[in-house]
Structure formats: structure tokens, C-alpha cells
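Text of input_13.cif, listed as mmCIF, C-alpha atoms:
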```
data_target
#
loop_
_atom_site.label_atom_id
_atom_site.label_comp_id
_atom_site.auth_asym_id
_atom_site.auth_seq_id
_atom_site.Cartn_x
_atom_site.Cartn_y
_atom_site.Cartn_z
CA MET A 1193 73.94 84.24 52.64
CA ALA A 1194 73.27 82.42 49.39
CA ALA A 1195 72.73 78.68 49.77
CA SER A 1196 74.71 76.10 47.79
CA ASP A 1197 72.72 72.93 48.34
CA ILE A 1198 68.94 72.66 48.57
CA GLY A 1199 67.70 69.47 50.21
CA VAL A 1200 64.43 67.59 50.32
CA ALA A 1201 63.61 67.33 54.03
CA ALA A 1202 60.38 65.36 53.60
CA VAL A 1203 57.57 64.59 51.18
CA ALA A 1204 54.00 63.53 51.90
CA THR A 1205 50.72 63.08 50.07
CA ALA A 1206 46.99 62.87 50.68
CA LEU A 1207 44.24 61.02 48.82
CA PRO A 1208 40.51 61.42 49.33
CA GLY A 1209 38.36 58.44 50.19
CA PRO A 1210 38.81 54.80 49.22
CA PRO A 1211 40.24 53.58 45.90
CA ILE A 1212 37.61 53.48 43.12
CA ASP A 1213 38.17 50.54 40.79
CA ASN A 1214 37.15 50.39 37.14
CA ALA A 1215 34.11 48.20 37.81
CA THR A 1216 32.76 50.73 40.31
CA LEU A 1217 33.46 53.60 37.95
CA GLY A 1218 31.73 51.74 35.10
CA ARG A 1219 28.66 51.06 37.26
CA THR A 1220 28.50 54.72 38.29
CA LEU A 1221 28.64 55.83 34.66
CA ARG A 1222 26.12 53.10 33.62
CA ALA A 1223 28.71 52.25 31.00
CA GLY A 1224 28.03 48.60 30.15
CA GLY A 1225 30.13 45.51 30.53
CA THR A 1226 32.87 46.43 28.06
CA PHE A 1227 33.99 49.48 30.00
CA GLU A 1228 36.08 47.70 32.63
CA SER A 1229 37.95 45.55 30.10
CA TRP A 1230 38.46 48.56 27.87
CA VAL A 1231 40.00 50.66 30.66
CA ASP A 1232 42.23 47.74 31.67
CA THR A 1233 43.41 47.30 28.10
CA PHE A 1234 43.76 50.83 26.76
CA ILE A 1235 44.32 52.95 29.89
CA GLY A 1236 45.72 50.48 32.40
CA THR A 1237 44.79 52.51 35.47
CA SER A 1238 43.34 50.19 38.14
CA THR A 1239 42.12 52.66 40.74
CA ARG A 1240 41.79 56.35 41.52
CA HIS A 1241 40.56 58.29 44.54
CA LEU A 1242 37.87 60.92 44.15
CA ALA A 1243 36.85 63.80 46.39
CA MET A 1244 33.23 63.10 45.43
CA ASP A 1245 31.37 60.20 47.00
CA LEU A 1246 30.05 58.46 43.88
CA GLU A 1247 27.11 56.95 45.81
CA THR A 1248 25.72 60.26 47.02
CA GLY A 1249 27.34 62.94 44.84
CA GLU A 1250 28.56 64.69 47.98
CA VAL A 1251 31.96 66.38 47.63
CA ARG A 1252 33.73 65.31 50.80
CA PHE A 1253 37.16 66.90 50.31
CA SER A 1254 38.38 70.22 48.96
CA LEU A 1255 41.84 70.79 47.54
CA ALA A 1256 42.66 72.78 50.69
CA ASP A 1257 41.65 69.76 52.81
CA LEU A 1258 44.01 67.45 50.93
CA ALA A 1259 46.88 69.95 50.72
CA GLU A 1260 46.53 70.70 54.42
CA THR A 1261 46.76 66.99 55.26
CA ALA A 1262 49.78 66.49 53.00
CA GLY A 1263 51.43 69.66 54.28
CA ARG A 1264 50.94 68.72 57.92
CA LYS A 1265 52.40 65.25 57.30
CA ALA A 1266 55.40 66.65 55.42
CA LEU A 1267 56.18 69.23 58.12
CA SER A 1268 55.89 66.59 60.81
CA ALA A 1269 58.13 64.15 58.91
CA ALA A 1270 60.71 66.90 58.38
CA GLY A 1271 60.55 67.95 62.03
CA VAL A 1272 59.76 71.50 60.91
CA ALA A 1273 57.40 73.69 62.92
CA PRO A 1274 54.95 75.89 60.96
CA GLY A 1275 56.73 78.96 62.32
CA GLU A 1276 59.96 77.86 60.67
CA VAL A 1277 58.45 77.86 57.15
CA ASP A 1278 59.34 81.14 55.43
CA LEU A 1279 58.08 80.39 51.90
CA VAL A 1280 55.03 78.55 50.53
CA VAL A 1281 54.57 77.79 46.83
CA MET A 1282 51.65 75.84 45.38
CA GLY A 1283 50.84 74.61 41.88
CA THR A 1284 47.30 73.66 40.87
CA SER A 1285 45.06 73.73 37.84
CA MET A 1286 41.87 73.67 39.89
CA PRO A 1287 42.01 75.84 43.00
CA ASP A 1288 38.99 75.62 45.30
CA SER A 1289 38.15 79.21 44.40
CA LEU A 1290 39.89 81.87 42.36
CA LEU A 1291 40.10 84.00 45.51
CA PRO A 1292 41.19 83.52 48.17
CA THR A 1293 43.98 81.44 46.69
CA THR A 1294 44.11 77.90 48.02
CA VAL A 1295 47.76 78.31 49.03
CA ASN A 1296 46.79 80.94 51.58
CA VAL A 1297 43.88 78.92 52.93
CA VAL A 1298 46.30 76.01 53.48
CA ALA A 1299 48.97 78.26 55.05
CA ASP A 1300 46.37 79.64 57.45
CA ARG A 1301 45.18 76.17 58.48
CA LEU A 1302 48.76 75.00 59.02
CA GLY A 1303 49.57 78.00 61.21
CA ILE A 1304 51.95 79.61 58.72
CA ASP A 1305 51.86 83.42 58.69
CA GLY A 1306 53.92 86.48 57.81
CA VAL A 1307 55.79 84.82 54.95
CA ALA A 1308 55.91 84.90 51.14
CA THR A 1309 53.27 82.71 49.47
CA TYR A 1310 52.70 82.03 45.78
CA GLN A 1311 50.12 80.04 43.85
CA LEU A 1312 50.88 79.07 40.30
CA GLN A 1313 48.00 78.41 37.91
CA SER A 1314 49.44 75.37 36.20
CA GLY A 1315 48.71 72.22 34.24
CA CYS A 1316 50.56 68.95 34.69
CA THR A 1317 53.93 70.63 35.29
CA GLY A 1318 52.74 72.59 38.34
CA ALA A 1319 54.84 70.60 40.79
CA MET A 1320 57.96 71.34 38.76
CA GLN A 1321 57.05 75.02 38.43
CA ALA A 1322 56.44 75.32 42.18
CA LEU A 1323 59.69 73.49 42.91
CA ASP A 1324 61.57 75.77 40.52
CA VAL A 1325 60.29 78.93 42.21
CA ALA A 1326 61.02 77.58 45.69
CA HIS A 1327 64.44 76.23 44.65
CA GLN A 1328 65.53 79.54 43.17
CA MET A 1329 64.23 81.56 46.13
CA LEU A 1330 66.07 79.31 48.58
CA LEU A 1331 69.28 79.60 46.53
CA THR A 1332 69.21 83.38 46.92
CA GLY A 1333 69.50 83.01 50.68
CA ARG A 1334 66.41 85.16 51.31
CA HIS A 1335 64.49 82.07 52.42
CA ARG A 1336 65.61 78.96 54.33
CA THR A 1337 62.62 76.61 54.52
CA ALA A 1338 59.95 76.21 51.84
CA LEU A 1339 56.73 74.23 51.84
CA VAL A 1340 55.97 73.24 48.23
CA LEU A 1341 52.42 72.05 47.51
CA GLY A 1342 50.68 70.63 44.47
CA GLY A 1343 47.35 69.05 43.83
CA ASP A 1344 44.05 68.94 42.03
CA VAL A 1345 40.46 68.09 42.84
CA CYS A 1346 38.26 67.68 39.78
CA ALA A 1347 34.91 67.19 41.55
CA LYS A 1348 33.62 70.35 39.84
CA HIS A 1349 33.79 68.47 36.54
CA VAL A 1350 32.14 65.22 37.67
CA ASP A 1351 28.52 65.09 36.53
CA LEU A 1352 26.91 61.91 37.82
CA GLY A 1353 23.76 62.60 35.78
CA VAL A 1354 25.52 62.46 32.44
CA GLU A 1355 24.53 59.80 29.91
CA PHE A 1356 27.58 57.69 29.17
CA GLU A 1357 26.68 57.18 25.54
CA THR A 1358 26.54 60.92 24.90
CA LEU A 1359 30.08 61.60 26.12
CA SER A 1360 32.50 62.81 23.48
CA PRO A 1361 35.79 60.89 23.30
CA GLY A 1362 37.53 63.74 25.15
CA GLU A 1363 34.96 63.74 27.95
CA LEU A 1364 35.05 59.97 28.14
CA VAL A 1365 38.79 59.76 28.52
CA ASN A 1366 38.70 62.36 31.29
CA THR A 1367 36.36 60.19 33.34
CA VAL A 1368 38.86 57.34 33.43
CA LEU A 1369 42.21 59.15 33.50
CA PHE A 1370 41.99 61.48 36.42
CA GLY A 1371 42.05 61.16 40.18
CA ASP A 1372 42.17 63.66 43.02
CA GLY A 1373 45.08 64.16 45.36
CA ALA A 1374 47.63 66.54 46.81
CA GLY A 1375 51.27 66.44 47.78
CA ALA A 1376 53.65 68.47 49.89
CA LEU A 1377 57.39 68.69 50.12
CA VAL A 1378 59.66 70.53 52.54
CA LEU A 1379 62.71 72.04 50.86
CA THR A 1380 65.53 73.33 53.01
CA ALA A 1381 68.60 75.49 52.46
CA ASP A 1382 70.20 73.70 55.42
CA PRO A 1383 70.10 70.02 54.41
CA ALA A 1384 71.15 67.42 56.96
CA ALA A 1385 74.08 65.17 56.13
CA GLY A 1386 73.06 62.44 53.68
CA SER A 1387 70.04 64.34 52.39
CA VAL A 1388 68.59 64.00 48.91
CA LEU A 1389 69.51 67.23 47.12
CA LEU A 1390 67.48 69.00 44.45
CA ARG A 1391 70.17 69.69 41.86
CA ARG A 1392 68.24 71.32 39.04
CA VAL A 1393 64.72 72.11 37.87
CA LEU A 1394 63.71 72.63 34.25
CA VAL A 1395 60.59 74.53 33.18
CA ARG A 1396 60.43 75.44 29.51
CA PHE A 1397 57.38 76.74 27.65
CA VAL A 1398 57.33 75.37 24.10
CA GLY A 1399 53.80 76.32 23.07
CA ARG A 1400 54.51 79.08 20.58
CA GLY A 1401 52.30 78.42 17.56
CA ARG A 1402 50.98 75.16 19.03
CA ALA A 1403 47.25 74.63 19.54
CA PRO A 1404 46.22 73.74 23.11
CA GLY A 1405 46.07 70.01 23.88
CA GLN A 1406 43.67 70.65 26.71
CA ILE A 1407 41.28 73.46 27.62
CA VAL A 1408 39.62 73.87 31.01
CA GLU A 1409 37.05 76.66 31.11
CA TRP A 1410 35.76 78.52 34.13
CA PHE A 1411 32.35 80.13 34.41
CA GLY A 1412 30.80 82.99 36.30
CA MET A 1413 27.36 84.49 36.69
CA GLY A 1414 27.59 86.23 33.32
CA ASP A 1415 28.52 83.26 31.13
CA ARG A 1416 27.31 80.23 33.03
CA HIS A 1417 24.31 79.77 30.72
CA GLU A 1418 26.32 79.49 27.51
CA GLN A 1419 26.41 75.68 27.63
CA ARG A 1420 30.01 75.57 26.53
CA PRO A 1421 31.83 72.38 27.48
CA ALA A 1422 34.05 72.93 30.52
CA LEU A 1423 36.72 70.54 29.29
CA HIS A 1424 38.26 69.90 25.92
CA GLU A 1425 41.00 67.39 25.33
CA ASP A 1426 42.95 66.75 22.13
CA PHE A 1427 44.28 63.38 23.22
CA LYS A 1428 45.69 62.66 19.77
CA ALA A 1429 47.99 65.66 20.09
CA ILE A 1430 48.87 64.59 23.64
CA GLU A 1431 49.72 61.06 22.51
CA GLU A 1432 51.85 62.45 19.72
CA HIS A 1433 53.78 65.20 21.50
CA VAL A 1434 54.23 64.10 25.12
CA PRO A 1435 56.78 61.32 24.49
CA THR A 1436 58.90 63.64 22.32
CA LEU A 1437 58.77 66.55 24.77
CA ALA A 1438 59.52 64.20 27.67
CA ALA A 1439 62.63 62.95 25.86
CA GLN A 1440 63.75 66.52 25.20
CA ALA A 1441 63.31 67.47 28.87
CA LEU A 1442 65.24 64.40 30.00
CA THR A 1443 68.13 65.11 27.62
CA GLU A 1444 68.29 68.78 28.56
CA LEU A 1445 68.34 67.99 32.29
CA ILE A 1446 71.04 65.36 32.26
CA GLU A 1447 73.22 67.21 29.76
CA ALA A 1448 73.07 70.33 31.93
CA GLN A 1449 74.23 68.18 34.85
CA GLY A 1450 77.02 66.64 32.78
CA TRP A 1451 75.48 63.21 33.44
CA GLN A 1452 75.08 60.26 31.10
CA PRO A 1453 71.84 58.24 30.67
CA ALA A 1454 73.58 55.31 32.39
CA ASP A 1455 74.22 57.46 35.48
CA LEU A 1456 70.53 57.53 36.36
CA ASP A 1457 69.27 55.16 39.07
CA TYR A 1458 65.60 56.24 39.07
CA LEU A 1459 63.20 57.64 36.49
CA LEU A 1460 59.99 59.40 37.52
CA PRO A 1461 58.21 59.57 34.14
CA PRO A 1462 55.07 61.49 33.12
CA GLN A 1463 51.94 59.80 34.54
CA LEU A 1464 49.14 60.27 32.01
CA SER A 1465 47.94 56.68 32.21
CA VAL A 1466 49.66 53.34 32.69
CA ARG A 1467 49.71 52.62 28.96
CA MET A 1468 50.97 56.09 28.00
CA THR A 1469 53.61 56.00 30.74
CA ASP A 1470 54.77 52.59 29.47
CA ARG A 1471 55.15 54.04 25.99
CA ILE A 1472 57.04 57.08 27.26
CA VAL A 1473 59.41 54.99 29.40
CA LYS A 1474 60.16 52.82 26.38
CA HIS A 1475 60.74 55.93 24.27
CA LEU A 1476 63.13 57.40 26.88
CA ALA A 1477 65.11 54.14 26.78
CA LEU A 1478 67.26 54.71 29.86
CA PRO A 1479 69.65 51.77 30.21
CA ARG A 1480 69.24 50.97 33.89
CA ALA A 1481 67.05 53.54 35.68
CA GLU A 1482 64.27 52.02 37.75
CA GLU A 1483 60.84 53.44 36.89
CA VAL A 1484 58.89 54.97 39.77
CA SER A 1485 55.23 55.38 38.85
CA CYS A 1486 51.98 55.77 40.76
CA VAL A 1487 49.30 56.36 38.12
CA GLY A 1488 48.00 52.77 38.19
CA GLU A 1489 46.85 53.24 41.79
CA THR A 1490 46.26 57.01 42.08
CA GLY A 1491 45.06 57.84 38.57
CA ASN A 1492 46.39 61.01 36.99
CA THR A 1493 46.42 63.46 39.90
CA ALA A 1494 48.05 66.15 37.71
CA ASN A 1495 49.84 68.65 39.92
CA ALA A 1496 50.19 66.09 42.72
CA LEU A 1497 51.84 63.32 40.68
CA PRO A 1498 55.55 64.02 41.30
CA PHE A 1499 54.90 64.10 45.05
CA PHE A 1500 53.43 60.58 44.93
CA GLN A 1501 56.38 59.41 42.85
CA LEU A 1502 58.88 61.06 45.21
CA GLU A 1503 57.15 59.51 48.21
CA ARG A 1504 57.65 56.06 46.63
CA MET A 1505 61.33 56.73 45.88
CA LEU A 1506 62.94 58.99 48.50
CA SER A 1507 63.44 56.48 51.28
CA ARG A 1508 65.02 54.05 48.80
CA MET A 1509 67.70 56.41 47.50
CA SER A 1510 71.13 55.61 48.84
CA SER A 1511 74.25 57.75 48.87
CA GLY A 1512 75.40 58.80 45.39
CA GLN A 1513 72.24 57.68 43.61
CA ARG A 1514 70.68 59.93 40.99
CA ALA A 1515 67.10 60.41 39.88
CA VAL A 1516 65.31 62.37 37.20
CA ALA A 1517 61.65 63.34 37.04
CA VAL A 1518 59.90 64.52 33.88
CA ALA A 1519 56.47 66.06 33.32
CA VAL A 1520 54.80 67.62 30.29
CA GLU A 1521 52.01 70.18 30.36
CA SER A 1522 49.82 69.67 27.33
CA SER A 1523 47.32 72.54 27.67
CA LYS A 1524 49.74 75.02 26.14
CA TRP A 1525 52.85 72.83 26.17
CA ILE A 1526 55.57 73.03 28.79
CA LYS A 1527 58.35 70.50 29.13
CA SER A 1528 59.77 70.20 32.61
CA GLY A 1529 61.58 68.07 35.13
CA PHE A 1530 64.07 67.98 37.93
CA VAL A 1531 67.11 66.00 39.01
CA LEU A 1532 67.91 64.74 42.48
CA GLU A 1533 71.09 63.31 43.93
CA ALA A 1534 71.52 61.62 47.29
CA ALA A 1535 74.50 63.22 49.05
CA MET B 398 19.77 47.22 13.34
CA ASN B 399 19.21 44.80 10.47
CA SER B 400 21.87 45.55 7.91
CA ALA B 401 25.31 46.96 7.27
CA GLU B 402 23.58 50.14 6.08
CA ASP B 403 21.91 50.48 9.50
CA PHE B 404 25.31 49.97 11.08
CA VAL B 405 26.82 52.81 9.02
CA VAL B 406 23.96 55.10 10.04
CA LEU B 407 24.50 54.11 13.68
CA ILE B 408 28.20 54.99 13.51
CA ARG B 409 27.47 58.31 11.84
CA ASP B 410 24.66 59.30 14.20
CA GLU B 411 25.80 57.92 17.53
CA ILE B 412 29.59 57.95 17.26
CA GLY B 413 29.82 60.99 15.02
CA LEU B 414 32.30 59.55 12.54
CA PRO B 415 31.55 60.31 8.85
CA VAL B 416 32.03 56.75 7.59
CA THR B 417 30.51 55.18 4.51
CA ARG B 418 29.77 51.59 3.56
CA ALA B 419 33.13 51.52 1.78
CA ASP B 420 34.96 52.17 5.05
CA LEU B 421 33.63 49.06 6.78
CA GLU B 422 36.38 46.75 5.58
CA LEU B 423 39.24 49.20 6.02
CA GLY B 424 41.75 48.53 8.79
CA PHE B 425 40.93 50.67 11.85
CA ASP B 426 44.05 52.75 11.24
CA GLN B 427 42.58 53.72 7.85
CA VAL B 428 39.23 54.90 9.24
CA PRO B 429 39.24 58.71 9.42
CA GLY B 430 39.35 59.88 13.06
CA TRP B 431 39.17 56.37 14.56
CA ASP B 432 40.66 55.60 17.97
CA SER B 433 40.12 53.19 20.84
CA LEU B 434 37.60 55.51 22.53
CA HIS B 435 35.33 55.16 19.51
CA MET B 436 35.66 51.41 19.89
CA LEU B 437 34.41 51.57 23.48
CA ARG B 438 31.46 53.75 22.55
CA LEU B 439 30.60 51.70 19.50
CA VAL B 440 30.64 48.41 21.39
CA THR B 441 28.46 49.96 24.11
CA VAL B 442 25.96 51.17 21.50
CA LEU B 443 26.01 47.82 19.65
CA GLU B 444 25.29 45.94 22.89
CA ARG B 445 22.37 48.26 23.57
CA GLU B 446 20.99 47.93 20.02
CA THR B 447 21.29 44.15 19.80
CA GLY B 448 20.72 43.23 23.44
CA ARG B 449 23.73 40.91 23.17
CA THR B 450 27.02 40.99 25.05
CA ILE B 451 30.07 41.16 22.82
CA SER B 452 33.18 39.34 23.98
CA PHE B 453 35.94 41.86 24.63
CA PRO B 454 38.77 39.54 23.55
CA ASP B 455 36.89 39.15 20.25
CA VAL B 456 36.61 42.95 19.98
CA LEU B 457 40.37 43.22 20.39
CA GLN B 458 40.85 40.74 17.55
CA ALA B 459 38.58 42.68 15.19
CA GLN B 460 40.48 44.34 12.36
CA SER B 461 37.72 46.50 10.87
CA LEU B 462 34.31 48.07 11.49
CA GLY B 463 32.85 45.26 9.40
CA SER B 464 34.28 42.61 11.70
CA LEU B 465 32.81 44.45 14.72
CA TYR B 466 29.44 44.38 12.94
CA ARG B 467 29.71 40.63 12.36
CA LEU B 468 30.50 40.12 16.06
CA ALA B 469 27.42 42.08 17.02
CA VAL B 470 25.13 40.54 14.38
CA PRO B 471 26.32 37.02 13.58
CA ALA B 472 25.23 35.84 10.15
#
```

C-alpha cells encoding of this file:
Amino acid sequence: MAASDIGVAAVATALPGPPIDNATLGRTLRAGGTFESWVDTFIGTSTRHLAMDLETGEVRFSLADLAETAGRKALSAAGVAPGEVDLVVMGTSMPDSLLPTTVNVVADRLGIDGVATYQLQSGCTGAMQALDVAHQMLLTGRHRTALVLGGDVCAKHVDLGVEFETLSPGELVNTVLFGDGAGALVLTADPAAGSVLLRRVLVRFVGRGRAPGQIVEWFGMGDRHEQRPALHEDFKAIEEHVPTLAAQALTELIEAQGWQPADLDYLLPPQLSVRMTDRIVKHLALPRAEEVSCVGETGNTANALPFFQLERMLSRMSSGQRAVAVAVESSKWIKSGFVLEAA
Amino acid sequence: MNSAEDFVVLIRDEIGLPVTRADLELGFDQVPGWDSLHMLRLVTVLERETGRTISFPDVLQAQSLGSLYRLAVPA
């Protein structure tokens, strides 16, 4: 039987280790006294959590560890047993390994078996892409209860031996923007009365003819000696295009719903950095929606971000309230988002 | 670093921006390729070269590469 309403039964998140403030990050990078003030002024992010212990260089958490923790908390909060989950979808840009896929490692640890699982290789719209797949599969009626996961751990790209002064601007900005984390959400085709309903998800690739704004390489035994940079970031292109694409996603979502900008109670905007998010929120110019952001405390956790934002908002939504979330993927340009409504 | 010429060489070599002496008094938005990340790196390099700490509020007030140079090397 096809489902009509898909509800959010619970959301949960996991962060590795203690918050790392800008002073600690600056000391670790041997960056000089200006670093902390510069991050405060131009990035605005106060803390992030990292899977790597910056004192020792030890990587203490994998993505599977964080996603397992978030998944277990979400299932528990939803009152859903692992055996009741019949669909698992995960979005990540940095799986622990290419194979086995992290989604299946997490499913195994949570005691989920014999069901459909999917892992989407995704940039900063992975949560939306995973939600879209799960939402559509629940609507068909083939599945009833989905665990949706998203997260990233960038320890692979943290080189504590690097000389701060030799970092390119792109490498430098990566050291301050990103944090590690994971999120999980239980979606159900049988929402309880008063649930928050997932009304619509938008995922639209708009990268035809557009150069990548971000490149993340991967290496194997055959090409690991080539000394290519693992990360490339065109932050000028990101600064230029993300606000515009975010506005387009927002307009497309609310028009498809037949809503007006003034109907929105909450806005979950893209979370690149505090300063960029401020600019985007201003650009979106919603008349009364309350902004729900996390990047100042979590850093940019990429595929995990919407879960942190949802966690901050869900319990506050009251009957009839409406929310919109927007994310933009800048590696090859996807505009995306979703809309929620409390029944 | 003893002169504005040294400063230009420093920017070219360490920051990688192809500036000339004529660019020093341009507004930052006129300097080819300039952004706030270059500012952070340049201030870090200037502090290393001069052994002096540069006040960040003063850096934020600076309008040009030349004014950053004068902060680092007061006349």
C-alpha cells in the first residue's frame, strides 16, 4: 500500500571528542597570533570536533563509529528496534573505505540485516540526497521504516606535520572550515499523530558546463606517489554561486508546495561557515523564519549538517509550523533542500 | 625586509601573488587575486620577518598592501 505521509520519527547526531577552539587549532598549526582573530572575523566558526586527537595524531573515531552512535540514538529515540528497519540510506563524501561501504558496516553493528541499503557518494547535499531516496522508497509502500544516515570524517586529510606558511589559500581554508560528525534520522511511513512530516525533497544537479568548486582526490597503490594535492577548493566560486543557488532551491521548494515566504517558521540554511551562512540568510530574506544553524559550534560537518540543524529544531516545532532546509553541493553543483510541516 | 621593494618580493615569493610596486597603494579589491586568506598569510609572514606582532584591529583598518607594510615596518 502506497504511503501518503512520511514522518520524522527521531533525529540524532554524534560528534567526536571535545570541541576544538580556534586558539587550540592555531597552536596545533603553529599559525601565529593573528590566526585566532582572523578566524573569528572572517570565518566566525568558534569550535569544531575532530576525529583526530590533535595532541597525538591518533585517529580515535571512524565515520562508522559516529554513524553507529547517531543511528543507535535515533532508533532508541524513535522506539524502533533494529529488526523493524527495512531500508538504510547513507550519504557521505568520505567513507571509511571504498569497500565495504560504510552504510553496511553501520547496519551490521546496529543489528540491521536482510534489508535494502544504499550509500550515496555525495558532497554537501548528501543528507538531502539520502532523504530523497528514502522518502521516495517509503512513498511507494515497499518500505515502512528507513534509517537515513549522513556524515563525514576528514582525518585522512589532516596533516599535523604541515608548515602553516606553505598552505595554499584553499588548503588553509579547509583547516578552519571543517569538522567531523554524523547524523541519523528515522523516517516512517506510519507517522504518529502530531508528527513532523517530510513534505518534499529537492535534489537538482546544475553543474553542466560549470567547473568544480571543490575536488577531493583518492589515491591507491598505483598513484600514491604522484604528489598531487588531495584537496582543491575554489572558494571564490563557492562564495559567488552558493547564495544564488540556495535562493533558487528555496524558491523552487516553497513554490512547489504552494507556500509563501511568510509561511515559513524555520529556515535551516547552508552551513559553510558562520559568515557565509549570515550572508546567505540575508540574501534569502525570509520575512519571519527563525534561522536554525549549528556551524559555529560544529564546524562544517558536510553530510551531517542538516541532522544537527534538525536536532536543534524538531522538538520546537508546534502544530502547523513549517520549515525549509537548503544545502548546496559545490564540487559539481547541486542545489537541494526539503520542507517539513508539523501535523 | 628593509624596503617596499623587499615587501613586493616577499608577497610574490611567499604569497604567490604577482604584484608590483604600483599595486601597493591600490585598494585590496583592486589587487589581482586578493582575498582575506592572503591577508592572514601575509600578516603571519610579516610577523615572522619583522619579529613584531601586528595588531589585528589595525590590520582590519588597512586599506592597501602599502598600509599593511607601514604597520609591519613603521617609518

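Across B:Pro471, B:Gly413, B:Pro429, B:Gly424, the tightest approach to chain A is made by B:Gly413 when counting all atoms listed in the file.
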
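Note that atom CA of A:Thr1284 and atom CA of A:Leu1312 are 6.5 Å apart.
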
Under the rule of at most 10 Å, produce a per-residue listing of chain A near chain B: chain, number, name, the closest pair of atoms, and the distance in Å, as a Markdown table, using only C-alpha atoms.
```
| residue | atom | partner | partner_atom | distance |
| --- | --- | --- | --- | --- |
| A:Ala1223 | CA | B:Thr441 | CA | 7.3 |
| A:Gly1224 | CA | B:Thr441 | CA | 6.2 |
| A:Gly1225 | CA | B:Thr450 | CA | 7.8 |
| A:Thr1226 | CA | B:Phe453 | CA | 6.5 |
| A:Phe1227 | CA | B:Leu437 | CA | 6.9 |
| A:Glu1228 | CA | B:Phe453 | CA | 9.9 |
| A:Ser1229 | CA | B:Phe453 | CA | 6.9 |
| A:Trp1230 | CA | B:Leu437 | CA | 6.7 |
| A:Val1231 | CA | B:Leu437 | CA | 9.1 |
| A:Thr1233 | CA | B:Leu457 | CA | 9.2 |
| A:Phe1234 | CA | B:Ser433 | CA | 7.3 |
| A:Ile1235 | CA | B:Ser433 | CA | 10.0 |
| A:Phe1356 | CA | B:Arg438 | CA | 8.6 |
| A:Glu1357 | CA | B:Arg438 | CA | 6.6 |
| A:Thr1358 | CA | B:Glu411 | CA | 8.0 |
| A:Leu1359 | CA | B:Arg438 | CA | 8.7 |
| A:Ser1360 | CA | B:Ile412 | CA | 8.4 |
| A:Pro1361 | CA | B:Leu434 | CA | 5.7 |
| A:Gly1362 | CA | B:Leu434 | CA | 8.6 |
| A:Leu1364 | CA | B:Leu434 | CA | 7.6 |
| A:Val1365 | CA | B:Leu434 | CA | 7.4 |
| A:Lys1428 | CA | B:Asp432 | CA | 8.9 |
```

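In this structure, atom CA of A:Ala1384 sits 23.8 Å away from atom CA of A:Gly1529.
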
Stretch 1319-1335 of chain A: which residues within 9 Å, counting all atoms listed in the file, same-chain residues fewer than 3 positions away excluded, as number ranges by chain? A: 1193-1198, 1277-1284, 1310-1312, 1314, 1316, 1338-1343, 1375, 1377, 1379-1381, 1390, 1392-1395, 1494-1499, 1517-1519, 1528-1530

Any chance you could resolve the PyMOL selection byres ((chain A and resi 1203) around 9) against this file and give the residues as a ChimeraX atom specification? /A:1200-1202,1204-1205,1262-1263,1265-1267,1269-1270,1375-1378,1499-1500,1502-1503,1506

Write out as a VMD selection string the residues lying within 12 Å of B:Glu422, counting all atoms listed in the file and excluding same-chain residues fewer than 2 positions away. chain B and resid 401 405 416 to 420 424 to 428 459 to 467

Result set of the PyMOL selection byres ((chain A and resi 1415-1426) around 9) on the coordinates above, as a ChimeraX atom specification: /A:1349,1361-1363,1365-1366,1404-1414,1427-1431,1523

In Å to one decimal, how far is atom CA of A:Val1484 from atom CA of A:Ile1472?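 It comes out at 12.8 Å.
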
Using all atoms listed in the file, which residue out of A:Ala1534, A:Leu1459, A:Ala1439, A:Val1368 lies closest to A:Ala1481?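 Of the candidates, the smallest distance to A:Ala1481 is held by A:Leu1459.
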
With distances taken over only C-alpha atoms, which residue among B:Thr447, B:Val406, B:Leu421, B:Asp455 lies nearest B:Val470? B:Thr447

Got a sec to resolve the PyMOL selection byres ((chain A and resi 1468) around 12) on this structure and send the residues as JSON, numbers by chain? {"A": [1233, 1234, 1235, 1236, 1237, 1369, 1427, 1428, 1430, 1431, 1432, 1433, 1434, 1435, 1438, 1461, 1462, 1463, 1464, 1465, 1466, 1467, 1469, 1470, 1471, 1472, 1473, 1474, 1475, 1485, 1487, 1488, 1492]}

Kindly indicate which residue among B:Ala469, B:Glu402, B:Trp431, B:Pro415 lies nearest to B:Leu443, using all atoms listed in the file for the distances.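 Ranked by minimum distance to B:Leu443, first place goes to B:Ala469.
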
The residue from A:Gly1353, A:Gly1318, A:Gly1218, A:Gly1373 with the smallest atom-to-atom distance to A:Asp1257, counting only C-alpha atoms, is A:Gly1373

A:Asp1455, A:Asp1213, A:Asp1300, A:Asp1305 ranked by distance to A:His1241, top pick (using all atoms listed in the file):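 Selected residue with least distance to A:His1241: A:Asp1213.
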